[in-house]
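So this one's query-v1.txt, compact mmCIF, C-alpha atoms:
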```txt
# COMPACT_ATOMS: atom_id res chain seq x y z
CA MET A 1 25.92 11.88 -35.11
CA THR A 2 26.52 12.49 -31.42
CA ARG A 3 23.10 14.11 -31.11
CA HIS A 4 21.55 11.14 -32.90
CA LEU A 5 23.26 8.69 -30.55
CA LEU A 6 22.17 10.71 -27.52
CA ALA A 7 18.54 10.72 -28.67
CA HIS A 8 18.64 6.93 -28.99
CA LEU A 9 20.22 6.61 -25.58
CA ILE A 10 17.57 8.80 -23.94
CA LEU A 11 14.82 6.79 -25.61
CA ALA A 12 16.39 3.50 -24.52
CA VAL A 13 16.73 4.66 -20.91
CA ALA A 14 13.19 6.09 -20.90
CA LEU A 15 11.83 2.74 -22.12
CA ALA A 16 13.91 0.83 -19.59
CA LEU A 17 12.84 3.13 -16.79
CA ALA A 18 9.14 3.33 -17.62
CA PRO A 19 8.08 -0.06 -16.18
CA SER A 20 9.95 0.48 -12.92
CA LEU A 21 8.44 3.93 -12.44
CA ALA A 22 5.00 2.53 -13.16
CA LEU A 23 5.58 -0.21 -10.59
CA ALA A 24 6.78 2.34 -8.06
CA GLN A 25 3.62 4.36 -8.63
CA GLU A 26 1.32 1.46 -7.81
CA ALA A 27 3.49 0.27 -4.95
CA GLY A 28 3.06 1.21 -1.29
CA ILE A 29 4.99 4.09 0.19
CA PRO A 30 8.79 3.76 0.22
CA SER A 31 10.05 3.64 3.80
CA GLU A 32 12.17 6.78 3.41
CA ARG A 33 9.00 8.84 2.88
CA ILE A 34 7.44 7.62 6.12
CA PHE A 35 8.00 9.57 9.32
CA GLU A 36 9.07 7.21 12.10
CA THR A 37 7.09 8.17 15.20
CA GLY A 38 8.60 5.68 17.63
CA GLN A 39 6.45 4.24 20.44
CA LEU A 40 3.71 6.62 21.57
CA LYS A 41 1.43 6.66 24.61
CA PRO A 42 -1.11 3.96 23.60
CA ILE A 43 -4.22 6.08 24.32
CA ASP A 44 -4.19 9.78 25.21
CA SER A 45 -7.85 10.83 25.41
CA ALA A 46 -11.11 9.95 27.16
CA LEU A 47 -14.11 8.74 25.15
CA LYS A 48 -17.16 11.03 25.27
CA VAL A 49 -19.56 8.55 23.64
CA LYS A 50 -20.55 4.95 24.26
CA ILE A 51 -22.30 2.18 22.37
CA GLY A 52 -26.00 3.05 22.08
CA ASP A 53 -25.41 6.83 21.91
CA PRO A 54 -26.38 8.85 18.83
CA ALA A 55 -23.27 9.66 16.78
CA PRO A 56 -22.37 13.36 16.68
CA ASP A 57 -23.38 14.96 13.41
CA PHE A 58 -20.57 15.86 11.05
CA SER A 59 -19.91 17.36 7.65
CA LEU A 60 -16.29 17.10 6.55
CA PRO A 61 -14.40 18.00 3.36
CA THR A 62 -13.13 15.03 1.36
CA THR A 63 -10.14 14.34 -0.87
CA ASP A 64 -12.38 14.17 -3.95
CA GLY A 65 -13.26 17.83 -3.45
CA GLY A 66 -16.71 17.27 -1.94
CA ARG A 67 -18.06 16.86 1.55
CA VAL A 68 -19.37 13.91 3.51
CA ALA A 69 -22.01 14.16 6.22
CA LEU A 70 -23.63 11.67 8.57
CA ALA A 71 -27.00 12.81 7.21
CA ASP A 72 -26.03 11.39 3.77
CA PHE A 73 -26.34 7.87 5.17
CA LEU A 74 -29.24 7.99 7.65
CA GLY A 75 -31.90 5.46 6.70
CA LYS A 76 -29.72 4.18 3.84
CA GLN A 77 -26.41 2.71 4.95
CA ASN A 78 -24.44 1.94 8.07
CA VAL A 79 -21.19 3.89 8.39
CA VAL A 80 -17.73 2.98 9.64
CA LEU A 81 -15.47 5.86 10.62
CA SER A 82 -11.84 4.74 10.53
CA PHE A 83 -9.77 7.39 12.26
CA VAL A 84 -6.00 7.25 11.79
CA PRO A 85 -3.66 9.55 13.74
CA ALA A 86 -1.61 11.03 10.91
CA ALA A 87 -0.72 10.75 7.26
CA TRP A 88 2.81 9.63 6.35
CA THR A 89 3.30 7.53 9.49
CA PRO A 90 4.11 3.79 9.66
CA VAL A 91 1.04 2.01 11.05
CA CYS A 92 -1.46 4.32 9.32
CA SER A 93 0.19 3.75 5.95
CA GLY A 94 -0.25 0.01 6.45
CA GLN A 95 -3.88 0.06 7.62
CA TRP A 96 -6.05 1.50 4.84
CA PRO A 97 -4.41 -0.52 2.00
CA GLY A 98 -5.75 -3.62 3.79
CA TYR A 99 -9.29 -2.25 3.59
CA ASN A 100 -8.82 -2.08 -0.18
CA ILE A 101 -9.35 -5.83 -0.50
CA VAL A 102 -12.51 -6.05 1.61
CA GLN A 103 -14.77 -3.65 -0.29
CA ASP A 104 -17.15 -6.55 -0.99
CA MET A 105 -17.57 -7.19 2.75
CA PHE A 106 -18.58 -3.55 3.30
CA THR A 107 -20.99 -3.68 0.35
CA GLN A 108 -22.58 -6.90 1.58
CA ALA A 109 -23.06 -5.40 5.04
CA GLN A 110 -24.56 -2.22 3.51
CA THR A 111 -21.87 -0.20 5.20
CA ALA A 112 -20.02 2.86 3.92
CA LEU A 113 -16.41 3.29 5.01
CA ILE A 114 -15.04 6.77 5.69
CA GLY A 115 -11.36 7.20 6.47
CA VAL A 116 -10.69 10.25 8.65
CA SER A 117 -7.65 12.06 10.01
CA VAL A 118 -6.99 15.57 11.31
CA ASP A 119 -4.60 16.28 8.41
CA ASN A 120 -5.73 18.84 5.86
CA VAL A 121 -7.22 17.81 2.50
CA PRO A 122 -4.11 18.38 0.32
CA THR A 123 -1.94 16.32 2.67
CA LEU A 124 -4.49 13.51 2.79
CA HIS A 125 -4.80 13.65 -0.99
CA ALA A 126 -1.04 13.35 -1.53
CA TRP A 127 -0.71 10.54 1.02
CA VAL A 128 -3.61 8.50 -0.36
CA GLN A 129 -2.28 8.93 -3.92
CA GLU A 130 1.12 7.73 -2.73
CA MET A 131 -0.54 4.64 -1.20
CA GLY A 132 -1.96 3.84 -4.63
CA GLY A 133 -5.47 5.13 -3.87
CA VAL A 134 -8.33 3.67 -1.84
CA TRP A 135 -11.91 2.85 -2.84
CA PHE A 136 -13.53 4.59 0.11
CA THR A 137 -14.13 8.24 1.02
CA VAL A 138 -11.30 9.98 2.84
CA ALA A 139 -12.33 12.99 4.94
CA SER A 140 -10.41 15.69 6.78
CA ASP A 141 -11.21 16.72 10.37
CA PHE A 142 -8.63 19.51 10.09
CA PHE A 143 -10.66 22.66 10.76
CA PRO A 144 -12.02 23.49 13.25
CA HIS A 145 -9.16 21.29 14.33
CA GLY A 146 -10.33 17.79 15.28
CA LYS A 147 -13.92 18.91 15.91
CA LEU A 148 -15.41 15.47 15.22
CA ALA A 149 -12.57 13.67 17.01
CA ASP A 150 -13.12 15.91 20.04
CA ALA A 151 -16.89 15.31 20.00
CA LEU A 152 -16.20 11.57 20.12
CA GLY A 153 -13.50 11.97 22.77
CA ILE A 154 -10.59 10.68 20.71
CA LEU A 155 -8.54 13.87 20.26
CA ARG A 156 -5.10 13.33 21.76
CA SER A 157 -3.35 16.05 23.76
CA THR A 158 -0.92 16.45 20.84
CA GLY A 159 -3.73 17.17 18.35
CA GLU A 160 -3.95 13.85 16.49
CA ALA A 161 -6.96 11.53 16.58
CA GLU A 162 -6.70 8.11 18.19
CA ARG A 163 -6.45 5.11 15.89
CA SER A 164 -10.10 4.14 16.26
CA LEU A 165 -13.12 2.58 14.59
CA PHE A 166 -16.77 3.57 15.05
CA LEU A 167 -19.67 1.67 13.50
CA ILE A 168 -22.83 3.76 13.21
CA ASP A 169 -26.11 2.15 12.15
CA LYS A 170 -28.70 3.51 9.73
CA GLN A 171 -30.47 5.28 12.59
CA GLY A 172 -27.30 7.14 13.50
CA ILE A 173 -26.64 5.09 16.64
CA ILE A 174 -23.10 4.02 17.56
CA ARG A 175 -23.00 0.22 17.59
CA TYR A 176 -19.28 -0.60 17.86
CA ILE A 177 -16.23 1.28 19.17
CA ASP A 178 -12.57 0.27 19.07
CA VAL A 179 -10.20 2.92 20.37
CA HIS A 180 -6.99 1.12 19.68
CA ASP A 181 -3.42 1.35 20.93
CA ILE A 182 -2.03 4.00 18.55
CA ASN A 183 1.08 1.86 17.98
CA SER A 184 -0.72 -1.13 16.46
CA ARG A 185 -3.30 -1.93 13.84
CA PRO A 186 -6.77 -3.08 14.92
CA ASP A 187 -7.75 -6.62 13.89
CA LEU A 188 -10.26 -6.43 11.07
CA GLY A 189 -12.20 -9.46 12.32
CA PRO A 190 -14.25 -7.93 15.18
CA LEU A 191 -15.25 -4.92 13.04
CA ILE A 192 -16.46 -7.05 10.13
CA LYS A 193 -18.36 -9.32 12.53
CA ALA A 194 -20.04 -6.28 14.13
CA MET A 195 -21.00 -4.99 10.66
CA GLN A 196 -22.43 -8.35 9.66
CA ALA A 197 -24.43 -8.53 12.90
CA LEU A 198 -26.20 -5.27 11.99
CA LYS A 199 -27.78 -6.62 8.84
CA MET B 1 28.45 13.78 -23.13
CA ARG B 2 30.12 11.82 -20.32
CA ALA B 3 28.10 13.75 -17.73
CA VAL B 4 24.87 13.00 -19.63
CA LEU B 5 25.67 9.28 -19.72
CA LEU B 6 26.47 9.33 -16.00
CA PHE B 7 23.16 11.06 -15.32
CA LEU B 8 21.22 8.54 -17.41
CA PHE B 9 22.95 5.64 -15.67
CA SER B 10 22.15 7.03 -12.20
CA LEU B 11 18.54 7.54 -13.32
CA MET B 12 18.33 3.85 -14.24
CA LEU B 13 19.66 2.84 -10.82
CA THR B 14 17.08 5.05 -9.09
CA GLY B 15 14.30 3.49 -11.12
CA ASN B 16 15.37 0.00 -10.13
CA ALA B 17 15.47 0.91 -6.45
CA LEU B 18 11.95 2.28 -6.65
CA ALA B 19 10.79 -0.95 -8.19
CA MET B 20 11.83 -3.21 -5.28
CA GLU B 21 8.18 -3.45 -4.27
CA ALA B 22 8.24 -4.27 -0.60
CA SER B 23 6.79 -2.72 2.54
CA ASP B 24 10.17 -2.45 4.19
CA ASN B 25 10.75 -2.22 7.90
CA ALA B 26 13.47 0.12 9.15
CA ALA B 27 14.24 -2.23 12.07
CA SER B 28 14.62 -5.23 9.77
CA HIS B 29 17.57 -7.57 10.38
CA PRO B 30 16.93 -10.73 8.32
CA LEU B 31 18.69 -13.97 9.23
CA PRO B 32 21.69 -14.25 6.91
CA VAL B 33 22.15 -17.01 4.35
CA GLY B 34 23.94 -19.96 5.97
CA SER B 35 22.53 -19.29 9.44
CA SER B 36 20.07 -21.49 11.33
CA MET B 37 16.37 -20.73 11.29
CA PRO B 38 14.66 -21.21 14.68
CA ASP B 39 12.12 -24.01 14.81
CA LEU B 40 9.15 -21.65 14.48
CA LEU B 41 5.80 -22.52 16.02
CA LEU B 42 3.31 -22.19 13.16
CA ARG B 43 -0.20 -21.16 14.20
CA GLY B 44 -3.47 -20.75 12.36
CA GLU B 45 -6.23 -22.63 10.64
CA LEU B 46 -5.27 -25.35 8.19
CA SER B 47 -7.48 -27.43 5.92
CA ALA B 48 -7.20 -31.22 6.24
CA GLU B 49 -5.70 -31.22 2.74
CA HIS B 50 -2.93 -28.82 3.73
CA ARG B 51 -2.26 -30.73 6.98
CA THR B 52 -1.70 -33.88 4.93
CA HIS B 53 0.36 -31.98 2.35
CA LEU B 54 2.74 -30.72 5.04
CA GLY B 55 2.87 -34.12 6.76
CA PHE B 56 1.48 -32.81 10.05
CA ALA B 57 0.18 -35.34 12.56
CA GLY B 58 -2.63 -32.98 13.63
CA PRO B 59 -3.90 -29.41 13.45
CA ALA B 60 -1.75 -26.32 14.06
CA PRO B 61 0.09 -25.16 16.09
CA ARG B 62 2.94 -27.23 14.69
CA HIS B 63 6.67 -26.65 14.47
CA LEU B 64 8.43 -25.78 11.24
CA SER B 65 10.62 -28.89 11.64
CA GLU B 66 7.51 -31.09 11.40
CA ILE B 67 7.04 -30.18 7.74
CA SER B 68 7.94 -33.15 5.61
CA ALA B 69 10.16 -31.62 2.91
CA LYS B 70 13.75 -31.12 1.81
CA THR B 71 13.10 -27.46 1.08
CA VAL B 72 10.58 -25.08 2.61
CA ILE B 73 9.90 -21.73 0.97
CA LEU B 74 8.50 -19.48 3.67
CA VAL B 75 6.97 -16.22 2.53
CA ALA B 76 6.28 -13.58 5.16
CA PHE B 77 3.33 -11.53 3.91
CA SER B 78 0.57 -9.27 5.20
CA MET B 79 -3.02 -8.87 4.11
CA TYR B 80 -2.42 -5.12 4.53
CA CYS B 81 0.64 -4.95 2.26
CA PRO B 82 -0.19 -3.86 -1.32
CA HIS B 83 2.92 -5.58 -2.69
CA CYS B 84 1.80 -8.85 -1.11
CA GLN B 85 -1.68 -8.37 -2.58
CA ARG B 86 -0.09 -8.04 -6.03
CA GLU B 87 2.26 -10.97 -5.40
CA ALA B 88 -0.58 -13.33 -4.38
CA PRO B 89 -1.28 -14.68 -7.92
CA VAL B 90 2.46 -15.16 -8.52
CA LEU B 91 2.70 -17.16 -5.28
CA ASN B 92 -0.04 -19.44 -6.59
CA GLU B 93 1.97 -19.71 -9.83
CA LEU B 94 5.04 -20.70 -7.82
CA ASN B 95 3.04 -23.39 -6.02
CA ALA B 96 1.63 -24.68 -9.31
CA LEU B 97 5.15 -24.81 -10.73
CA ILE B 98 6.34 -26.86 -7.75
CA GLN B 99 3.52 -29.35 -8.38
CA SER B 100 3.93 -29.49 -12.16
CA ARG B 101 7.68 -30.14 -11.88
CA GLY B 102 6.96 -33.17 -9.67
CA LEU B 103 8.54 -31.48 -6.64
CA ALA B 104 5.46 -31.49 -4.40
CA ASP B 105 6.96 -33.98 -1.90
CA GLU B 106 10.34 -32.24 -1.71
CA VAL B 107 9.49 -28.54 -1.84
CA LYS B 108 6.72 -26.99 0.27
CA LEU B 109 5.58 -23.40 0.01
CA ILE B 110 4.03 -21.82 3.12
CA GLY B 111 2.96 -18.27 4.02
CA VAL B 112 3.00 -16.51 7.39
CA GLY B 113 0.71 -13.48 7.77
CA ILE B 114 2.87 -11.05 9.74
CA GLY B 115 0.72 -9.19 12.26
CA ASN B 116 -2.36 -10.85 10.75
CA SER B 117 -5.07 -12.59 12.78
CA ASP B 118 -6.69 -15.84 11.60
CA PHE B 119 -9.53 -13.71 10.23
CA GLU B 120 -7.17 -11.49 8.25
CA VAL B 121 -5.28 -14.49 6.87
CA GLN B 122 -8.63 -15.97 5.82
CA VAL B 123 -9.48 -12.73 3.99
CA PHE B 124 -6.23 -13.04 2.01
CA ARG B 125 -6.84 -16.78 1.39
CA ASP B 126 -10.36 -16.15 0.09
CA LYS B 127 -9.53 -13.03 -1.91
CA TYR B 128 -6.71 -14.65 -3.86
CA ALA B 129 -7.86 -18.32 -3.74
CA THR B 130 -4.50 -19.18 -2.21
CA THR B 131 -3.51 -22.76 -3.00
CA PHE B 132 -0.82 -23.27 -0.34
CA PRO B 133 -0.93 -23.32 3.49
CA LEU B 134 -1.07 -19.96 5.29
CA PHE B 135 -0.36 -19.38 8.96
CA SER B 136 -1.10 -16.38 11.16
CA ASP B 137 1.24 -14.29 13.34
CA PRO B 138 -1.14 -11.88 15.11
CA ASP B 139 1.33 -10.78 17.77
CA PHE B 140 4.45 -10.64 15.53
CA THR B 141 6.05 -13.54 17.48
CA ILE B 142 7.30 -15.21 14.31
CA ASN B 143 8.38 -11.92 12.79
CA LYS B 144 10.59 -11.20 15.80
CA GLU B 145 12.22 -14.64 15.34
CA ILE B 146 12.84 -14.16 11.63
CA GLY B 147 14.36 -10.69 11.93
CA GLU B 148 11.41 -8.25 11.77
CA VAL B 149 11.42 -8.42 8.00
CA GLY B 150 9.46 -6.22 5.60
CA THR B 151 6.89 -7.87 3.35
CA PRO B 152 6.88 -9.82 1.16
CA PHE B 153 10.03 -11.57 2.38
CA PHE B 154 11.11 -14.99 1.18
CA TYR B 155 13.19 -17.47 3.16
CA VAL B 156 14.32 -20.56 1.28
CA LEU B 157 15.06 -23.15 3.96
CA ALA B 158 17.10 -26.33 3.61
CA MET B 159 15.62 -28.89 6.00
CA ASN B 160 17.92 -31.42 7.62
CA PRO B 161 15.91 -33.53 10.08
CA GLU B 162 18.84 -35.88 10.81
CA LYS B 163 20.93 -32.99 12.12
CA LYS B 164 17.84 -31.27 13.52
CA GLU B 165 18.87 -28.23 11.53
CA ILE B 166 17.00 -25.75 9.37
CA ARG B 167 19.42 -23.65 7.33
CA VAL B 168 18.71 -20.38 5.51
CA ALA B 169 19.71 -21.04 1.88
CA LYS B 170 18.36 -17.92 0.19
CA THR B 171 16.49 -14.74 1.09
CA LEU B 172 14.59 -12.14 -0.91
CA LEU B 173 12.92 -8.90 0.15
CA GLY B 174 10.22 -7.79 -2.25
CA ARG B 175 8.46 -9.46 -5.12
CA MET B 176 9.94 -12.25 -7.23
CA ASP B 177 11.08 -11.40 -10.78
CA THR B 178 9.15 -14.47 -11.94
CA ALA B 179 8.06 -17.62 -10.14
CA GLU B 180 10.15 -19.69 -12.53
CA THR B 181 13.45 -17.89 -11.97
CA PHE B 182 12.85 -17.76 -8.23
CA LEU B 183 12.24 -21.53 -8.02
CA LYS B 184 15.33 -22.19 -10.10
CA GLU B 185 17.47 -19.98 -7.85
CA ALA B 186 15.93 -21.46 -4.70
CA LEU B 187 16.70 -25.03 -5.75
CA HIS B 188 20.21 -24.02 -6.81
CA ALA B 189 20.84 -22.30 -3.46
CA CYS B 190 19.78 -25.42 -1.54
CA GLU B 191 21.92 -27.65 -3.74
CA LYS B 192 24.93 -25.33 -3.39
CA GLY B 193 24.74 -25.26 0.40
CA LYS B 194 24.92 -29.04 0.81
```

Encoding of this model in structure tokens:
Amino acid sequence: MTRHLLAHLILAVALALAPSLALAQEAGIPSERIFETGQLKPIDSALKVKIGDPAPDFSLPTTDGGRVALADFLGKQNVVLSFVPAAWTPVCSGQWPGYNIVQDMFTQAQTALIGVSVDNVPTLHAWVQEMGGVWFTVASDFFPHGKLADALGILRSTGEAERSLFLIDKQGIIRYIDVHDINSRPDLGPLIKAMQALK
Amino acid sequence: MRAVLLFLFSLMLTGNALAMEASDNAASHPLPVGSSMPDLLLRGELSAEHRTHLGFAGPAPRHLSEISAKTVILVAFSMYCPHCQREAPVLNELNALIQSRGLADEVKLIGVGIGNSDFEVQVFRDKYATTFPLFSDPDFTINKEIGEVGTPFFYVLAMNPEKKEIRVAKTLLGRMDTAETFLKEALHACEKGK
């Protein structure tokens, strides 16, 4: 009898708990799982490229198990590289989920979005899953550490990339750069306008 | 048996905490119920229809106290917050409920995009066909005044133009259970505080 009652109780709790766990899964990251960085030096690197320069070539591993290279897009699509400093940190965790609702704007502007950080692939995978997933490619500039970030001149002295945006046209030329204060999120408006101007 | 029940009960509590659904802010210190809300300067782009709805004499920026209403429901949101993205249709439901109950003159729902530029607020407005007025807060000025809240955060405000007072009647961090229960509780809280 006791065992019977216990089985019913477990079932009842499991049913009661299921919706809340499902909601938690699709929700953003709970604050206790985010590492508070405090205020950091706004910019801690010196750009090595400028608008009009050819973008450095890259081939990076991605969270879907493949690789992404600049060559994949030449002559086909413009590319936005969205560098964030680190997984599991406050501003970064609140930046990419916003890009989730503007996929149509990227499609209309024939622009591929690639999210990049210097974290390794498993870390990026876990973090993106925790955010509820994103529609765009997420690539790791982990090894050789920050090679692409360094080629662009956005590798900080502490090894993270700057929070920065690069728009590269179909010819591989850099057309827009925003190396942003690491402590704040860049306004989406100027980037989208730059993308739309390329069409 | 007792230990098992205790375990199951604690599991239920954990589940509920996970389900709060808000992008919380560790530095958050919301204005308590019963306190005064500063007369916020509301900025952003408003349609002529929304200007008329709020009773504004002209385009934004306008002060919160200029809204012609007995109750203002202010929701702090962000285009970047996934919880707010999911709450957007329910906010439209809440606005529709206010209209259908004949409360449109008394109760006004507004949104403030915390850390969002006009462009970002417009993205949210377009994406979710938002039916109520949205303002922007690109430099977090409003968020500093309202206690650096996480999002979504609801302030139900009792407006008293005679006393030049705006009183916090109810607050909520995270998504509403339903628009209907939230509206009921909001109206009750304003009534109770009179």

task = Might you pull out every residue within 9 Å of Glu160 in chain A, with only C-alpha atoms counted and same-chain residues fewer than 5 positions away left off, and present them as a list in words?
result =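 Non-adjacent residues within range: Val84, Pro85, Ala86, Ser117, Val118, Asp119, Gly146, Ala149, Ile154 and Leu155 of chain A.
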
All residues 12 Å or closer to Thr123 in chain A, only C-alpha atoms, same chain fewer than 6 positions away omitted, as a ChimeraX atom specification = /A:62-63,86-88,117,129-130,138-140,142

task = Figure out the distance between CA of Ser82 in chain A and CA of Ala161 in chain A, please, to one decimal in Å.
result =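 Between CA of Ala161 in chain A and CA of Ser82 in chain A the gap is 10.3 Å.
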
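Proximity to Phe77 in chain B at 6 Å, evaluated using all atoms listed in the file and with sequence-adjacent residues fewer than 2 positions away removed, yields Cys84, Gly113, Ile114, Thr151 and Pro152 of chain B.
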
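Considering all atoms listed in the file, the residue among B:Glu49, B:Asp39, B:Asp118, B:Asp137 positioned nearest to chain A is B:Asp118.
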
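In terms of minimum interatomic distance to chain B, A:Arg33 ranks closest within A:Lys41, A:Arg156, A:Arg163, A:Arg33, counting all atoms listed in the file.
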
With N, CA and C atoms as the target, complete range 74-92 of chain A and hand it back as a PDB file, in the frame of the given file.
```pdb
ATOM      1  N   LEU A  74     -28.140   8.358   6.749  1.00  0.00           N
ATOM      2  CA  LEU A  74     -29.240   7.990   7.650  1.00  0.00           C
ATOM      3  C   LEU A  74     -30.383   7.346   6.874  1.00  0.00           C
ATOM      4  N   GLY A  75     -30.816   6.192   7.354  1.00  0.00           N
ATOM      5  CA  GLY A  75     -31.900   5.460   6.700  1.00  0.00           C
ATOM      6  C   GLY A  75     -31.459   4.698   5.467  1.00  0.00           C
ATOM      7  N   LYS A  76     -30.199   4.838   5.075  1.00  0.00           N
ATOM      8  CA  LYS A  76     -29.720   4.180   3.840  1.00  0.00           C
ATOM      9  C   LYS A  76     -28.629   3.149   4.084  1.00  0.00           C
ATOM     10  N   GLN A  77     -27.575   3.575   4.772  1.00  0.00           N
ATOM     11  CA  GLN A  77     -26.410   2.710   4.950  1.00  0.00           C
ATOM     12  C   GLN A  77     -25.838   2.871   6.351  1.00  0.00           C
ATOM     13  N   ASN A  78     -25.229   1.801   6.854  1.00  0.00           N
ATOM     14  CA  ASN A  78     -24.440   1.940   8.070  1.00  0.00           C
ATOM     15  C   ASN A  78     -23.130   2.649   7.680  1.00  0.00           C
ATOM     16  N   VAL A  79     -22.433   3.161   8.668  1.00  0.00           N
ATOM     17  CA  VAL A  79     -21.190   3.890   8.390  1.00  0.00           C
ATOM     18  C   VAL A  79     -20.095   3.412   9.345  1.00  0.00           C
ATOM     19  N   VAL A  80     -18.909   3.186   8.799  1.00  0.00           N
ATOM     20  CA  VAL A  80     -17.730   2.980   9.640  1.00  0.00           C
ATOM     21  C   VAL A  80     -16.826   4.196   9.486  1.00  0.00           C
ATOM     22  N   LEU A  81     -16.479   4.800  10.620  1.00  0.00           N
ATOM     23  CA  LEU A  81     -15.470   5.860  10.620  1.00  0.00           C
ATOM     24  C   LEU A  81     -14.156   5.221  11.066  1.00  0.00           C
ATOM     25  N   SER A  82     -13.169   5.253  10.182  1.00  0.00           N
ATOM     26  CA  SER A  82     -11.840   4.740  10.530  1.00  0.00           C
ATOM     27  C   SER A  82     -10.912   5.934  10.707  1.00  0.00           C
ATOM     28  N   PHE A  83     -10.688   6.291  11.970  1.00  0.00           N
ATOM     29  CA  PHE A  83      -9.770   7.390  12.260  1.00  0.00           C
ATOM     30  C   PHE A  83      -8.339   6.852  12.297  1.00  0.00           C
ATOM     31  N   VAL A  84      -7.432   7.549  11.620  1.00  0.00           N
ATOM     32  CA  VAL A  84      -6.000   7.250  11.790  1.00  0.00           C
ATOM     33  C   VAL A  84      -5.324   8.532  12.297  1.00  0.00           C
ATOM     34  N   PRO A  85      -4.268   8.375  13.096  1.00  0.00           N
ATOM     35  CA  PRO A  85      -3.660   9.550  13.740  1.00  0.00           C
ATOM     36  C   PRO A  85      -3.051  10.554  12.764  1.00  0.00           C
ATOM     37  N   ALA A  86      -2.309  10.060  11.775  1.00  0.00           N
ATOM     38  CA  ALA A  86      -1.610  11.030  10.910  1.00  0.00           C
ATOM     39  C   ALA A  86      -1.176  10.387   9.604  1.00  0.00           C
ATOM     40  N   ALA A  87      -1.254  11.183   8.542  1.00  0.00           N
ATOM     41  CA  ALA A  87      -0.720  10.750   7.260  1.00  0.00           C
ATOM     42  C   ALA A  87       0.795  10.576   7.368  1.00  0.00           C
ATOM     43  N   TRP A  88       1.347   9.794   6.478  1.00  0.00           N
ATOM     44  CA  TRP A  88       2.810   9.630   6.350  1.00  0.00           C
ATOM     45  C   TRP A  88       3.461   9.011   7.573  1.00  0.00           C
ATOM     46  N   THR A  89       2.709   8.212   8.336  1.00  0.00           N
ATOM     47  CA  THR A  89       3.300   7.530   9.490  1.00  0.00           C
ATOM     48  C   THR A  89       3.149   6.016   9.292  1.00  0.00           C
ATOM     49  N   PRO A  90       3.971   5.212  10.008  1.00  0.00           N
ATOM     50  CA  PRO A  90       4.110   3.790   9.660  1.00  0.00           C
ATOM     51  C   PRO A  90       2.816   2.957   9.746  1.00  0.00           C
ATOM     52  N   VAL A  91       2.180   2.920  10.907  1.00  0.00           N
ATOM     53  CA  VAL A  91       1.040   2.010  11.050  1.00  0.00           C
ATOM     54  C   VAL A  91      -0.120   2.463  10.169  1.00  0.00           C
ATOM     55  N   CYS A  92      -0.345   3.791  10.129  1.00  0.00           N
ATOM     56  CA  CYS A  92      -1.460   4.320   9.320  1.00  0.00           C
ATOM     57  C   CYS A  92      -1.305   3.953   7.862  1.00  0.00           C
TER      58      CYS A  92
END
```
